[in-house]
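Peer 1: Questions regarding the structure given below will be posed in turn.
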Amino acid sequence: MHLYLNTPDCHLVEREILNLFKEKYIHRTDIGSEYFEGDVEEMMSDMIKIRKKVIDEFENIKAVGEELSEKEILLKELKKEEKILLLKEKILKTEQKVNEKKTILQSIAEKEELLLHKMHNIKHDDDLFKEWFDKNCVLDCYGRISLQKITKECKMDKSKIKMRMKLMGYKYDRNMSGFGTDENGKYYKGGFQGVSFV
């Protein structure tokens, strides 16, 4: 009697059959190394069972392999998503830094504009004071003008007048006498020498 079986791994099935047959049946080494004595029907049934067991194991291995492949694909997708998230995070941080720099630059630009405006106002005030000074004052070696009188006449802040007069070369002297008195009869406390009103 002959039995032909298709099997995924014939060497594995043959080894399993030989191991079982050596335990269960009489091994006829006198005839050859792969001869056994026993119930033929039972032997065929055992071979079919071993073949089925090997096929089931192969199917399990194949299923596990497919599951692993699916998990590897999923893992690759997760890694891609993780890379995308990291890239998005980097982009957000870069955008945040760019926005911070824009804010700083805008603040600097606003400060520069304010400074230019102040400088323009100072220049404008300087021009107004110079214009007032040229119309109302004259160089006089013996002349004296009190700061209080200049402030009253040109209607500017005392500290700005002191600064502008200093820039024009006049030194403020706070202890000079002879500046005269104000409308209340009090002596003026300080002023400039070398200049007088027209």
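Residues in the structure tokens are numbered from 1 in each chain, the chains being A, B, ... in the order shown, and ligands are numbered from 1 in the order shown.
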With a distance cut-off of 9 Å and only C-alpha atoms, select the neighbouring residues of Lys22 of chain A, excluding the residue or stretch itself and same-chain residues fewer than 5 positions from it, and output the selection as a list of chain:residue names.

Peer 2: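 Residues meeting the cut-off are A:Ile17, A:His27, A:Phe36.
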
Peer 1: Give me the residues near segment 124-140 of chain A as a PyMOL selection string, where near means some atom within 10 Å (using only C-alpha atoms) and where sequence neighbours in that chain fewer than 3 positions away do not count.

Peer 2: chain A and resi 118-121+143-145+150+153-156+160-161+163-165+167-168+193-198

Peer 1: List as a PDB file with C-alpha atoms, in the first residue's frame the protein and nucleic acid residues near Leu5 of chain A, meaning an atom at most 12 Å away when only C-alpha atoms are counted, but skip any in the same chain fewer than 5 places from it.

Peer 2:
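Generated file (out.pdb):
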```
ATOM      1  CA  CYS A  10       8.658  17.243   3.739  1.00  0.00           C
ATOM      2  CA  VAL A  13       7.101  15.880   8.402  1.00  0.00           C
ATOM      3  CA  GLU A  14       9.438  12.910   7.720  1.00  0.00           C
ATOM      4  CA  MET A  44      -1.562   6.128   7.772  1.00  0.00           C
ATOM      5  CA  SER A  45      -3.779   7.925  10.268  1.00  0.00           C
ATOM      6  CA  MET A  47       1.035  10.275   9.130  1.00  0.00           C
ATOM      7  CA  ILE A  48      -2.052  12.298   8.170  1.00  0.00           C
ATOM      8  CA  LYS A  49      -2.262  13.719  11.732  1.00  0.00           C
ATOM      9  CA  ILE A  50       1.434  14.698  11.705  1.00  0.00           C
ATOM     10  CA  ARG A  51       1.023  16.307   8.267  1.00  0.00           C
ATOM     11  CA  LYS A  52      -2.028  18.254   9.525  1.00  0.00           C
ATOM     12  CA  ILE A  55       0.376  22.420   8.164  1.00  0.00           C
TER      13      ILE A  55
END
```

Peer 1: Report as a count of residues only: the residues of chain A with a DSSP assignment of strand (DSSP E or B), based on the backbone of this structure.

Peer 2: 25

Peer 1: When you draw a straight line from atom CA of Glu67 of chain A to atom CA of His11 of chain A, how long is it in Å?

Peer 2: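 According to the coordinates, atom CA of Glu67 of chain A and atom CA of His11 of chain A are separated by 26.4 Å.
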
Peer 1: What parts of segment 97-176 of chain A does DSSP call alpha helix (DSSP H)? I'd like the answer as a ChimeraX atom specification.

Peer 2: /A:97-136,147-154,158-167
